[in-house]
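Dropping query_5.txt in here (compact mmCIF, C-alpha atoms and all ligand atoms):
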```txt
# COMPACT_ATOMS: atom_id res chain seq x y z
CA MET J 9 -22.44 0.58 -27.32
CA PRO J 10 -21.44 -1.28 -24.17
CA ILE J 11 -23.94 -1.02 -21.38
CA ASP J 12 -22.63 0.88 -18.39
CA PRO J 13 -22.59 -1.68 -15.56
CA GLY J 14 -22.75 1.14 -13.00
CA PRO J 15 -20.04 2.09 -10.57
CA ARG J 16 -17.65 -0.68 -9.75
CA LEU J 17 -17.81 -1.59 -6.06
CA ASP J 18 -15.16 -4.31 -5.80
CA ASP J 19 -11.57 -4.91 -6.85
CA LEU J 20 -10.62 -1.28 -6.71
CA VAL J 21 -8.58 1.40 -5.04
CA GLN J 22 -10.63 4.43 -4.00
CA PRO J 23 -8.35 7.42 -3.31
CA PHE J 24 -9.63 10.22 -1.09
CA ARG J 25 -8.44 13.36 0.65
CA ILE J 26 -9.35 15.22 3.79
CA ASP J 27 -7.97 18.62 2.87
CA PRO J 28 -8.62 20.56 6.08
CA PHE J 29 -6.27 18.17 7.88
CA ALA J 30 -3.79 17.70 5.02
CA LEU J 31 -4.58 13.99 4.87
CA ARG J 32 -4.87 11.66 1.97
CA GLY J 33 -5.88 8.05 1.95
CA ARG J 34 -7.08 5.05 0.07
CA LEU J 35 -9.83 2.57 0.59
CA VAL J 36 -9.21 -0.80 -1.02
CA ARG J 37 -12.03 -3.23 -1.72
CA LEU J 38 -11.24 -6.73 -2.96
CA GLY J 39 -13.85 -9.25 -4.06
CA PRO J 40 -13.52 -11.72 -6.97
CA MET J 41 -9.88 -10.72 -7.44
CA VAL J 42 -8.67 -11.85 -4.02
CA ASP J 43 -10.95 -14.88 -4.09
CA ARG J 44 -9.40 -15.94 -7.39
CA ILE J 45 -5.81 -15.60 -6.11
CA LEU J 46 -6.52 -17.48 -2.90
CA SER J 47 -8.57 -20.16 -4.68
CA GLN J 48 -5.75 -20.92 -7.13
CA HIS J 49 -4.02 -22.54 -4.17
CA ASP J 50 -5.35 -25.07 -1.77
CA TYR J 51 -4.06 -23.26 1.29
CA PRO J 52 -5.29 -24.02 4.79
CA GLU J 53 -7.66 -21.31 6.01
CA PRO J 54 -5.16 -19.35 8.19
CA VAL J 55 -2.57 -19.26 5.38
CA ALA J 56 -5.16 -18.02 2.88
CA ALA J 57 -6.34 -15.39 5.38
CA ILE J 58 -2.90 -13.96 6.09
CA LEU J 59 -1.97 -14.03 2.40
CA GLY J 60 -5.24 -12.18 1.72
CA GLU J 61 -4.21 -9.53 4.22
CA ALA J 62 -0.74 -9.27 2.68
CA ILE J 63 -2.26 -8.82 -0.79
CA THR J 64 -4.54 -6.09 0.55
CA LEU J 65 -1.63 -4.39 2.29
CA ALA J 66 0.43 -4.50 -0.92
CA VAL J 67 -2.40 -2.83 -2.84
CA VAL J 68 -2.91 -0.20 -0.12
CA LEU J 69 0.80 0.65 -0.04
CA ALA J 70 1.32 0.56 -3.81
CA GLY J 71 -1.33 3.25 -4.08
CA ALA J 72 0.84 5.55 -1.95
CA LEU J 73 3.68 5.45 -4.45
CA LYS J 74 4.35 7.03 -7.79
CA TYR J 75 5.98 4.26 -9.79
CA ASP J 76 5.84 2.56 -13.14
CA GLY J 77 6.51 -1.13 -12.72
CA ILE J 78 6.06 -3.64 -9.94
CA PHE J 79 5.59 -3.12 -6.22
CA THR J 80 6.39 -6.21 -4.15
CA LEU J 81 5.71 -6.98 -0.52
CA GLN J 82 7.58 -9.92 0.94
CA THR J 83 7.88 -11.46 4.38
CA LYS J 84 10.52 -14.01 5.33
CA SER J 85 10.37 -15.48 8.78
CA ASP J 86 10.77 -18.43 11.13
CA GLY J 87 7.06 -19.15 11.83
CA PRO J 88 4.68 -21.73 10.29
CA VAL J 89 4.15 -19.36 7.32
CA ARG J 90 7.78 -18.82 6.32
CA LEU J 91 7.32 -16.76 3.17
CA ILE J 92 4.67 -14.49 1.71
CA VAL J 93 4.97 -12.65 -1.58
CA ALA J 94 2.40 -10.27 -3.05
CA ASP J 95 2.97 -7.93 -5.94
CA VAL J 96 1.03 -5.20 -7.72
CA SER J 97 1.78 -3.74 -11.14
CA THR J 98 1.06 -0.13 -12.04
CA ASP J 99 -1.75 -1.26 -14.33
CA GLY J 100 -3.52 -3.07 -11.47
CA ALA J 101 -2.45 -6.71 -11.95
CA VAL J 102 -2.12 -8.43 -8.57
CA ARG J 103 -0.78 -11.84 -7.53
CA GLY J 104 0.60 -13.57 -4.47
CA TYR J 105 1.59 -16.82 -2.80
CA ALA J 106 2.74 -18.21 0.53
CA GLN J 107 4.98 -21.02 1.73
CA PHE J 108 4.15 -22.79 4.96
CA ASP J 109 4.86 -25.80 7.13
CA GLN J 110 1.74 -27.90 7.67
CA ASP J 111 2.91 -29.62 10.86
CA ARG J 112 3.76 -26.38 12.56
CA LEU J 113 0.55 -24.82 11.30
CA ASP J 114 -1.46 -27.62 12.89
CA ALA J 115 0.00 -26.62 16.25
CA VAL J 116 -1.20 -23.00 15.92
CA ASP J 117 -4.30 -22.30 17.97
CA ALA J 118 -7.45 -20.80 16.52
CA GLU J 119 -6.90 -17.42 18.13
CA ALA J 120 -3.51 -16.92 16.52
CA ALA J 121 -4.95 -18.06 13.21
CA GLY J 122 -7.36 -15.14 13.33
CA SER J 123 -10.66 -16.94 13.53
CA GLY J 124 -13.73 -15.12 14.75
CA GLY J 125 -13.13 -11.90 12.87
CA ALA J 126 -9.74 -11.01 14.37
CA SER J 127 -6.81 -10.30 12.10
CA PRO J 128 -4.43 -13.24 11.61
CA SER J 129 -1.60 -13.02 14.14
CA VAL J 130 1.88 -12.15 12.89
CA PRO J 131 3.67 -13.65 15.94
CA GLY J 132 1.50 -16.81 15.76
CA LEU J 133 1.63 -17.48 12.02
CA ILE J 134 4.61 -15.61 10.59
CA GLY J 135 6.90 -15.46 13.62
CA SER J 136 10.08 -13.38 13.64
CA GLY J 137 11.70 -12.13 10.51
CA TYR J 138 11.42 -9.20 8.18
CA ILE J 139 9.01 -7.50 5.84
CA ALA J 140 10.39 -5.91 2.68
CA PHE J 141 8.90 -3.53 0.15
CA THR J 142 10.46 -3.32 -3.29
CA VAL J 143 9.74 -1.11 -6.26
CA ASP J 144 11.08 -2.45 -9.53
CA GLN J 145 10.73 -0.12 -12.50
CA GLY J 146 12.48 -2.34 -14.99
CA GLU J 147 15.96 -2.56 -16.43
CA HIS J 148 18.28 0.42 -16.19
CA THR J 149 16.50 1.85 -13.19
CA GLU J 150 17.44 1.61 -9.58
CA ARG J 151 15.43 -0.74 -7.41
CA TYR J 152 14.09 0.77 -4.27
CA GLN J 153 13.88 -1.48 -1.26
CA GLY J 154 12.69 -0.80 2.27
CA ILE J 155 13.13 -3.51 4.84
CA VAL J 156 12.25 -3.72 8.51
CA ALA J 157 11.95 -6.36 11.23
CA LEU J 158 8.42 -7.69 11.69
CA THR J 159 7.19 -5.80 14.74
CA GLY J 160 3.52 -5.91 15.59
CA ALA J 161 0.58 -8.20 16.25
CA THR J 162 -0.84 -7.85 12.72
CA LEU J 163 0.46 -7.04 9.24
CA ALA J 164 -1.14 -3.60 9.49
CA GLU J 165 0.81 -2.89 12.68
CA CYS J 166 4.04 -4.12 11.06
CA ALA J 167 3.53 -1.70 8.16
CA GLN J 168 2.79 1.16 10.56
CA HIS J 169 5.97 0.32 12.45
CA TYR J 170 7.83 0.54 9.15
CA PHE J 171 6.53 4.06 8.54
CA ARG J 172 7.37 5.17 12.06
CA GLN J 173 10.93 3.95 11.52
CA SER J 174 11.36 5.44 8.12
CA GLU J 175 10.95 9.12 8.85
CA GLN J 176 8.61 11.51 6.94
CA ILE J 177 5.36 9.69 6.43
CA ARG J 178 2.81 9.26 9.19
CA ALA J 179 0.38 6.56 8.28
CA GLY J 180 -2.50 4.61 9.75
CA ILE J 181 -3.52 1.29 8.20
CA LYS J 182 -6.44 -1.06 8.76
CA LEU J 183 -6.91 -4.42 7.04
CA SER J 184 -9.66 -7.01 7.02
CA VAL J 185 -10.13 -10.35 5.30
CA ALA J 186 -13.09 -12.71 5.57
CA ARG J 187 -15.09 -15.39 3.81
CA SER J 188 -18.71 -14.86 3.00
CA GLY J 189 -19.92 -17.86 4.99
CA PRO J 190 -18.23 -21.26 5.53
CA ASN J 191 -16.16 -22.05 2.43
CA GLY J 192 -17.65 -18.94 0.83
CA ALA J 193 -15.82 -16.50 -1.43
CA TRP J 194 -12.96 -14.52 0.07
CA ARG J 195 -13.27 -10.78 0.46
CA ALA J 196 -10.80 -8.23 1.76
CA GLY J 197 -10.66 -4.55 2.55
CA GLY J 198 -8.03 -2.03 3.53
CA LEU J 199 -7.90 1.57 4.63
CA MET J 200 -4.82 3.77 4.78
CA LEU J 201 -4.53 7.35 5.93
CA GLN J 202 -1.36 9.33 5.57
CA ARG J 203 -0.39 12.85 6.34
CA VAL J 204 0.82 14.84 3.39
CA PRO J 205 4.25 16.25 4.26
CA PRO J 206 3.74 20.01 4.60
CA GLU J 207 5.90 22.58 2.87
CA GLY J 208 8.74 23.44 5.17
CA GLY J 209 8.67 20.13 7.03
CA TYR J 210 6.85 18.90 10.07
CA GLY J 211 8.26 21.66 12.26
CA VAL J 212 5.66 24.06 10.95
CA ILE J 213 2.62 21.87 11.50
CA ALA J 214 -0.16 23.80 13.08
CA ASP J 215 -1.87 22.47 16.17
CA ASP J 216 -5.18 21.99 14.39
CA VAL J 217 -3.53 19.73 11.80
CA GLU J 218 -2.08 17.62 14.59
CA ASP J 219 -5.51 17.44 16.21
CA GLY J 220 -6.98 16.56 12.83
CA TRP J 221 -4.59 13.66 12.48
CA ARG J 222 -5.55 12.26 15.85
CA ARG J 223 -9.22 12.73 15.12
CA ALA J 224 -8.95 11.04 11.72
CA MET J 225 -7.13 8.08 13.30
CA VAL J 226 -9.90 7.68 15.85
CA LEU J 227 -12.54 7.79 13.10
CA MET J 228 -10.56 5.33 11.02
CA SER J 229 -10.30 2.88 13.88
CA SER J 230 -14.08 3.07 14.27
CA ALA J 231 -14.45 1.26 10.93
CA THR J 232 -15.13 -2.38 11.81
CA ALA J 233 -13.51 -5.39 10.15
CA ALA J 234 -16.98 -6.37 8.89
CA GLU J 235 -17.58 -2.94 7.31
CA LEU J 236 -14.31 -3.11 5.40
CA VAL J 237 -15.43 -6.27 3.59
CA ASP J 238 -19.21 -5.67 3.46
CA PRO J 239 -20.34 -5.97 -0.18
CA GLN J 240 -23.54 -4.08 0.67
CA LEU J 241 -21.62 -1.04 1.86
CA SER J 242 -20.22 0.90 -1.09
CA PRO J 243 -16.77 2.53 -0.81
CA HIS J 244 -18.36 5.99 -1.02
CA ARG J 245 -20.86 5.24 1.71
CA LEU J 246 -18.19 3.83 4.00
CA LEU J 247 -15.95 6.88 3.55
CA TYR J 248 -18.90 9.21 4.01
CA ARG J 249 -19.92 7.40 7.16
CA LEU J 250 -16.40 7.72 8.59
CA PHE J 251 -15.27 11.16 7.49
CA HIS J 252 -18.21 13.28 6.27
CA ASP J 253 -17.81 15.87 9.03
CA GLU J 254 -14.16 16.28 8.01
CA GLY J 255 -14.96 17.14 4.41
CA VAL J 256 -13.76 13.95 2.70
CA ARG J 257 -13.42 14.16 -1.11
CA VAL J 258 -13.16 11.09 -3.35
CA PHE J 259 -11.21 10.74 -6.59
CA GLU J 260 -11.29 8.42 -9.56
CA THR J 261 -10.92 4.74 -8.65
CA HIS J 262 -8.23 2.41 -9.99
CA PRO J 263 -9.42 -1.07 -11.02
CA LEU J 264 -7.54 -4.21 -9.95
CA GLU J 265 -7.49 -7.74 -11.31
CA ALA J 266 -5.89 -11.09 -10.48
CA ARG J 267 -3.33 -11.62 -13.22
CA CYS J 268 -0.01 -13.45 -13.17
CA ARG J 269 2.89 -12.36 -15.34
CA CYS J 270 4.26 -15.85 -15.92
CA SER J 271 4.43 -17.30 -19.42
CA ARG J 272 6.04 -20.23 -21.17
CA GLU J 273 8.66 -17.95 -22.69
CA ARG J 274 9.51 -16.35 -19.37
CA ILE J 275 9.89 -19.69 -17.56
CA ALA J 276 11.96 -21.09 -20.45
CA GLY J 277 14.19 -18.03 -20.18
CA ILE J 278 14.77 -18.68 -16.49
CA LEU J 279 15.47 -22.37 -17.12
CA ARG J 280 18.02 -21.46 -19.77
CA SER J 281 19.98 -19.60 -17.14
CA PHE J 282 20.24 -22.74 -14.98
CA PRO J 283 23.30 -25.01 -15.19
CA PRO J 284 22.55 -28.09 -17.37
CA ALA J 285 23.06 -30.37 -14.37
CA ASP J 286 20.21 -28.63 -12.53
CA ILE J 287 17.89 -29.01 -15.50
CA GLU J 288 18.85 -32.67 -15.66
CA GLU J 289 17.93 -33.07 -12.03
CA MET J 290 14.51 -31.46 -12.54
CA ARG J 291 13.68 -33.84 -15.37
CA GLN J 292 11.12 -36.55 -14.75
CA ASP J 293 10.27 -39.06 -17.47
CA ALA J 294 12.28 -36.85 -19.82
CA VAL J 295 9.97 -33.90 -19.16
CA THR J 296 10.97 -30.82 -17.21
CA THR J 297 8.01 -29.46 -15.31
CA VAL J 298 7.84 -26.06 -13.69
CA THR J 299 4.82 -24.87 -11.73
CA CYS J 300 4.39 -21.14 -11.22
CA GLU J 301 4.25 -20.49 -7.49
CA PHE J 302 2.02 -17.47 -7.94
CA CYS J 303 -0.80 -18.94 -10.04
CA ASN J 304 -0.14 -22.69 -9.96
CA THR J 305 0.01 -22.91 -13.76
CA ARG J 306 2.07 -25.91 -14.84
CA TYR J 307 4.53 -25.73 -17.73
CA ASP J 308 5.99 -28.88 -19.30
CA PHE J 309 9.12 -28.74 -21.41
CA ALA J 310 10.11 -31.54 -23.77
CA PRO J 311 13.58 -33.12 -23.47
CA ASP J 312 15.00 -31.36 -26.51
CA GLU J 313 13.91 -27.86 -25.52
CA PHE J 314 17.08 -27.11 -23.63
CA ALA J 315 19.36 -29.31 -25.72
CA PRO J 316 21.49 -26.56 -27.33
CA LEU J 317 22.73 -25.21 -24.04
CA ALA J 318 22.89 -28.55 -22.27
CA SER J 319 25.33 -29.85 -24.84
CA ALA J 320 27.41 -26.68 -24.97
ZN ZN B 1 1.94 -17.60 -12.83
```

Hey, can you dump this file as structure tokens for me?
Amino acid sequence: MPIDPGPRLDDLVQPFRIDPFALRGRLVRLGPMVDRILSQHDYPEPVAAILGEAITLAVVLAGALKYDGIFTLQTKSDGPVRLIVADVSTDGAVRGYAQFDQDRLDAVDAEAAGSGGASPSVPGLIGSGYIAFTVDQGEHTERYQGIVALTGATLAECAQHYFRQSEQIRAGIKLSVARSGPNGAWRAGGLMLQRVPPEGGYGVIADDVEDGWRRAMVLMSSATAAELVDPQLSPHRLLYRLFHDEGVRVFETHPLEARCRCSRERIAGILRSFPPADIEEMRQDAVTTVTCEFCNTRYDFAPDEFAPLASA
């Protein structure tokens, strides 16, 4: 019989509800998982930090959706960090990467980079552009995509702006990412509260529910960045500390892991769809090399592997 390792405290989504105020939420705690993703790349500190936040945000948001497939968060912008991608599968596999310009990054000051416990700055690091959320449930299903201009000082604010724009859902989001000491392991945490749409629409919301929302948002904002990533503070204890007077109830957690979906077969399939001239151009010393942007795994293909199509 396997020994029960006790309740898992990291790499999880902890759903909860505050029924008297018709609120539901999720607390996300990331430890070895986010450290593994960020360590697979040799990103400068500010890039790793903002990617860590984006990964946390993707996990927080994915938990709000009923879907069977892949949820993707992507930013595209004109700042030093020009692209961020993070995706989460229904079974809890998470991955992500960023593209950045080192010279422009060097010119970013420490404050914008989010040192000293502040969240990395969207205007300073990402600049202007958009943030998109996509749900892909596989072939023969419609892709859902929401897209909005990046508006806000932090990624959490940008996501909240998105919800304000896109009708029904009222949501509050808090994100935190930090290293445990200089060059220590990365940790991240996220908290999201959303109001459950009432039967009959928002027109019938009672005053006490509206007060409850405001009160819950104040309590949520009292959670510090350090508490969100504190390995000594269990998810239950943090939620109890924040919302015990409001009657918070917790539900079963969902585990998460760092896992890429790339494979030799998959990459070969993509290469086969390229024009032969492009493959030829990618070849070096007769070998075609492709490195997965998400996990940095390198795949080498021998000269004859694409011969049938190249000669067609
Ligand atoms: Zn990969």

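Where the distance criterion is 7 Å and the atoms used are only C-alpha atoms and all ligand atoms, the residues close to ligand ZN 1 (chain B) are Cys268, Arg269, Cys270, Cys300, Glu301, Phe302, Cys303, Asn304 and Thr305 of chain J.
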
Exercise for the section: Find the spatial neighbours of Ser85 (chain J), counting all atoms listed in the file, within a cut-off of 8 Å - ignore same-chain residues fewer than 4 positions away - and output them as a ChimeraX atom specification. Expected result: /J:89-91,134-138

Take the residues just selected and output them with C-alpha atoms as an mmCIF file, in the coordinates of the input.
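See out01.cif below for the written result:
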```
data_model
loop_
_atom_site.group_PDB
_atom_site.id
_atom_site.type_symbol
_atom_site.label_atom_id
_atom_site.label_comp_id
_atom_site.auth_asym_id
_atom_site.auth_seq_id
_atom_site.Cartn_x
_atom_site.Cartn_y
_atom_site.Cartn_z
ATOM 1 C CA VAL J 89 4.150 -19.360 7.320
ATOM 2 C CA ARG J 90 7.780 -18.820 6.320
ATOM 3 C CA LEU J 91 7.320 -16.760 3.170
ATOM 4 C CA ILE J 134 4.610 -15.610 10.590
ATOM 5 C CA GLY J 135 6.900 -15.460 13.620
ATOM 6 C CA SER J 136 10.080 -13.380 13.640
ATOM 7 C CA GLY J 137 11.700 -12.130 10.510
ATOM 8 C CA TYR J 138 11.420 -9.200 8.180
#
```

Problem - Length of the CA of Arg172 (chain J) to CA of Ile155 (chain J) vector [Å] - result: 12.7 Å

Handout entry: Atom pair CA of Arg16 (chain J) / CA of Phe29 (chain J): separation (Å)
Key =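 According to the coordinates, CA of Arg16 (chain J) and CA of Phe29 (chain J) are separated by 28.2 Å.
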
Exercise for the section: May I have the residues within 10 Å of Leu183 (chain J) as a list of chain:residue names, using only C-alpha atoms and disregarding those fewer than 4 positions away in the same chain? Expected result: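 In the requested format, the answer is J:Leu35, J:Val36, J:Gly60, J:Glu61, J:Ala62, J:Thr64, J:Leu65, J:Val68, J:Ser127, J:Thr162, J:Leu163, J:Ala164, J:Glu165, J:Ala196, J:Gly197, J:Gly198, J:Leu199, J:Met200, J:Thr232, J:Ala233, J:Leu236, J:Val237.
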
Problem - Nearest to Gly192 (chain J), chosen from J:Leu46, J:Ala115, J:Leu69, J:Met225, with all atoms listed in the file counted in the distances - result: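 Smallest separation from Gly192 (chain J) among the options: J:Leu46.
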
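Using only C-alpha atoms, the smallest distance between any of J:Gln48, J:Glu273, J:Glu254, J:Leu241 and Asp219 (chain J) comes from J:Glu254.
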
Handout entry: Among the residues J:Leu31, J:Leu201, J:Leu113, J:Val93, the one that comes closest to Tyr51 (chain J) [using only C-alpha atoms]
Key = J:Leu113

Practice task
Using all atoms listed in the file, pick whichever of J:Gln22, J:Ser281, J:Gln202, J:Gln173 has the shortest atom-to-atom distance to Pro243 (chain J).
Solution key: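 Of J:Gln22, J:Ser281, J:Gln202, J:Gln173, the one nearest Pro243 (chain J) is J:Gln22, counting all atoms listed in the file.
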
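For the residues J:Ile58, J:Leu81, J:Ile26, J:Leu133, ranking by smallest atom-to-atom distance to His252 (chain J) using only C-alpha atoms places J:Ile26 first.
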
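If you look at CA of Arg195 (chain J) and CA of Gly180 (chain J), they are 21.0 Å away from each other.
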
Practice task
Using all atoms listed in the file, find the one residue out of J:Gln82, J:Thr98, J:Thr297, J:Thr159 that sits nearest to Ser129 (chain J).
Solution key: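 Of J:Gln82, J:Thr98, J:Thr297, J:Thr159, the one nearest Ser129 (chain J), counting all atoms listed in the file, is J:Thr159.
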
Handout entry: Who sits within 8 Å of region 255-266 of chain J, all atoms listed in the file, same chain under 2 positions skipped, as a list in words
Key = Asp19, Leu20, Val21, Gln22, Pro23, Phe24, Arg25, Ile26, Asp27, Pro28, Met41, Val42, Arg44, Ile45, Asp99, Gly100, Ala101, Val102, Arg103, His244, Leu247, Tyr248, Phe251, His252, Asp253 and Cys268 of chain J
